[in-house]
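For reference, the structure is listed below as structure tokens.
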Amino acid sequence: DGASYGLSVGLASGDLFTHVVACSPGFVIPGPTRGKPRIFISHGTADQILSIDTTSRRILPELKRAGYDITYREFDGPHTVTPAIGREALEWLAGRG
């Protein structure tokens, strides 16, 4: 649940974190949020651990409604971070994406 916790901590501490990367998050811990960090979320359409339909595809609209700047990447694959997604996330984090 690292992506879920990372996303939750990033939202709760958005005054400390400018960017949050979450690869295949399953949930967001409810609670107060601070700031508006930029968010990168990726998720595989064939994820057998955390179904994309009940996780990222529900989290994304909620974050958009709350006004977050989100980069979202769905990819054809399981519960993993592909080399291409990993590179894209790092480039995004470095400000080149």
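Ligands are numbered from 1 in the order shown, chains are lettered A, B, ... in the order of the structure tokens, and residues start at 1 in each chain.
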
Next on the checklist: To test your reading of the structure, identify every residue in chain A that backbone DSSP assigns to strand (DSSP E), and report it as an MDAnalysis selection string.
Outcome noted: chainID A and resid 19:23 38:44 70:75

With C-alpha atoms retained, could you export that selection as a PDB file, in the first residue's frame?
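File written: again.pdb
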```
ATOM      1  CA  HIS A  19       4.972  16.689  -5.960  1.00  0.00           C
ATOM      2  CA  VAL A  20       3.522  13.249  -5.268  1.00  0.00           C
ATOM      3  CA  VAL A  21       4.064  10.085  -7.325  1.00  0.00           C
ATOM      4  CA  ALA A  22       1.650   7.198  -6.744  1.00  0.00           C
ATOM      5  CA  CYS A  23       1.923   4.048  -8.852  1.00  0.00           C
ATOM      6  CA  ARG A  38       1.154  18.225  -8.247  1.00  0.00           C
ATOM      7  CA  ILE A  39       0.258  14.543  -8.555  1.00  0.00           C
ATOM      8  CA  PHE A  40       1.387  11.767 -10.912  1.00  0.00           C
ATOM      9  CA  ILE A  41      -0.682   8.581 -10.837  1.00  0.00           C
ATOM     10  CA  SER A  42      -0.149   5.483 -12.960  1.00  0.00           C
ATOM     11  CA  HIS A  43      -2.086   2.232 -12.978  1.00  0.00           C
ATOM     12  CA  GLY A  44      -2.145  -0.923 -15.087  1.00  0.00           C
ATOM     13  CA  ILE A  70      -2.832  15.572 -11.983  1.00  0.00           C
ATOM     14  CA  THR A  71      -0.899  13.655 -14.589  1.00  0.00           C
ATOM     15  CA  TYR A  72      -2.574  10.278 -15.009  1.00  0.00           C
ATOM     16  CA  ARG A  73      -1.249   7.318 -16.985  1.00  0.00           C
ATOM     17  CA  GLU A  74      -3.096   4.089 -17.557  1.00  0.00           C
ATOM     18  CA  PHE A  75      -1.052   1.373 -19.221  1.00  0.00           C
TER      19      PHE A  75
END
```

Next on the checklist: For a quick check of understanding, using only C-alpha atoms, which of A:Pro61, A:Gly10, A:Gly2, A:Pro25 has the smallest distance to Pro37 (chain A)?
Outcome noted: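 When distances to Pro37 (chain A) are compared using only C-alpha atoms, the smallest one comes from A:Gly10.
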
Checklist entry - Residues of region 5-95 of chain A in alpha helix (DSSP H) according to DSSP, as a PyMOL selection string? => result chain A and resi 5-12+56-65+83-93

Write out, as a tab-separated table (two decimals), in the first residue's frame, the residues just selected, with N, CA, C and O atoms.
```tsv
chain	number	residue	atom	x	y	z
A	5	TYR	N	-0.35	5.15	0.78
A	5	TYR	CA	0.16	5.95	1.90
A	5	TYR	C	0.90	7.18	1.41
A	5	TYR	O	0.75	8.27	1.97
A	6	GLY	N	1.70	7.03	0.36
A	6	GLY	CA	2.42	8.17	-0.20
A	6	GLY	C	1.46	9.25	-0.68
A	6	GLY	O	1.67	10.45	-0.42
A	7	LEU	N	0.41	8.85	-1.37
A	7	LEU	CA	-0.58	9.81	-1.85
A	7	LEU	C	-1.29	10.47	-0.67
A	7	LEU	O	-1.46	11.70	-0.65
A	8	SER	N	-1.65	9.69	0.32
A	8	SER	CA	-2.35	10.24	1.49
A	8	SER	C	-1.48	11.22	2.26
A	8	SER	O	-1.93	12.30	2.65
A	9	VAL	N	-0.23	10.86	2.50
A	9	VAL	CA	0.70	11.76	3.22
A	9	VAL	C	0.96	13.02	2.38
A	9	VAL	O	1.00	14.13	2.92
A	10	GLY	N	1.11	12.85	1.08
A	10	GLY	CA	1.33	14.00	0.21
A	10	GLY	C	0.18	14.98	0.23
A	10	GLY	O	0.38	16.20	0.24
A	11	LEU	N	-1.04	14.47	0.26
A	11	LEU	CA	-2.21	15.35	0.31
A	11	LEU	C	-2.33	16.02	1.68
A	11	LEU	O	-2.67	17.21	1.76
A	12	ALA	N	-2.05	15.29	2.73
A	12	ALA	CA	-2.15	15.85	4.08
A	12	ALA	C	-1.03	16.84	4.37
A	12	ALA	O	-1.17	17.72	5.21
A	56	SER	N	-7.88	3.69	-8.86
A	56	SER	CA	-7.45	4.92	-9.54
A	56	SER	C	-8.57	5.61	-10.30
A	56	SER	O	-8.63	6.85	-10.32
A	57	ARG	N	-9.43	4.84	-10.95
A	57	ARG	CA	-10.52	5.47	-11.71
A	57	ARG	C	-11.57	6.11	-10.81
A	57	ARG	O	-12.39	6.89	-11.28
A	58	ARG	N	-11.52	5.83	-9.53
A	58	ARG	CA	-12.39	6.53	-8.56
A	58	ARG	C	-11.64	7.64	-7.83
A	58	ARG	O	-12.22	8.66	-7.50
A	59	ILE	N	-10.37	7.42	-7.59
A	59	ILE	CA	-9.55	8.43	-6.91
A	59	ILE	C	-9.35	9.65	-7.80
A	59	ILE	O	-9.47	10.80	-7.35
A	60	LEU	N	-9.07	9.43	-9.07
A	60	LEU	CA	-8.76	10.51	-10.01
A	60	LEU	C	-9.85	11.58	-10.07
A	60	LEU	O	-9.55	12.77	-9.88
A	61	PRO	N	-11.13	11.23	-10.30
A	61	PRO	CA	-12.15	12.28	-10.36
A	61	PRO	C	-12.30	13.07	-9.06
A	61	PRO	O	-12.55	14.27	-9.08
A	62	GLU	N	-12.12	12.39	-7.93
A	62	GLU	CA	-12.21	13.09	-6.65
A	62	GLU	C	-11.11	14.13	-6.51
A	62	GLU	O	-11.34	15.25	-6.05
A	63	LEU	N	-9.89	13.76	-6.91
A	63	LEU	CA	-8.78	14.70	-6.83
A	63	LEU	C	-8.95	15.86	-7.80
A	63	LEU	O	-8.65	17.01	-7.47
A	64	LYS	N	-9.47	15.57	-8.98
A	64	LYS	CA	-9.72	16.64	-9.96
A	64	LYS	C	-10.76	17.61	-9.43
A	64	LYS	O	-10.60	18.83	-9.56
A	65	ARG	N	-11.83	17.09	-8.84
A	65	ARG	CA	-12.87	17.96	-8.27
A	65	ARG	C	-12.30	18.84	-7.16
A	65	ARG	O	-12.76	19.96	-6.96
A	83	PRO	N	9.19	0.08	-17.18
A	83	PRO	CA	10.31	1.01	-17.39
A	83	PRO	C	9.85	2.34	-18.00
A	83	PRO	O	10.31	3.40	-17.58
A	84	ALA	N	8.91	2.30	-18.94
A	84	ALA	CA	8.43	3.53	-19.58
A	84	ALA	C	7.70	4.42	-18.58
A	84	ALA	O	7.91	5.65	-18.55
A	85	ILE	N	6.87	3.84	-17.74
A	85	ILE	CA	6.14	4.63	-16.73
A	85	ILE	C	7.13	5.17	-15.70
A	85	ILE	O	7.03	6.32	-15.27
A	86	GLY	N	8.09	4.37	-15.29
A	86	GLY	CA	9.11	4.83	-14.34
A	86	GLY	C	9.88	6.02	-14.89
A	86	GLY	O	10.09	7.02	-14.18
A	87	ARG	N	10.29	5.94	-16.15
A	87	ARG	CA	11.00	7.07	-16.78
A	87	ARG	C	10.11	8.31	-16.84
A	87	ARG	O	10.56	9.42	-16.53
A	88	GLU	N	8.86	8.11	-17.25
A	88	GLU	CA	7.95	9.25	-17.34
A	88	GLU	C	7.75	9.91	-15.98
A	88	GLU	O	7.75	11.13	-15.86
A	89	ALA	N	7.57	9.10	-14.93
A	89	ALA	CA	7.38	9.65	-13.59
A	89	ALA	C	8.61	10.44	-13.15
A	89	ALA	O	8.48	11.53	-12.57
A	90	LEU	N	9.80	9.92	-13.42
A	90	LEU	CA	11.03	10.64	-13.04
A	90	LEU	C	11.20	11.93	-13.84
A	90	LEU	O	11.60	12.95	-13.28
A	91	GLU	N	10.88	11.90	-15.13
A	91	GLU	CA	10.96	13.12	-15.94
A	91	GLU	C	9.95	14.14	-15.45
A	91	GLU	O	10.23	15.34	-15.38
A	92	TRP	N	8.75	13.69	-15.12
A	92	TRP	CA	7.71	14.58	-14.58
A	92	TRP	C	8.20	15.20	-13.27
A	92	TRP	O	8.08	16.39	-13.07
A	93	LEU	N	8.77	14.38	-12.42
A	93	LEU	CA	9.26	14.85	-11.14
A	93	LEU	C	10.38	15.87	-11.30
A	93	LEU	O	10.47	16.84	-10.55
```

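Pairwise distance (CA of Gly14 (chain A), CA of Arg34 (chain A)) equals 4.9 Å.
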
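Going from CA of Ser13 (chain A) over to CA of Ile29 (chain A), you cover 12.5 Å.
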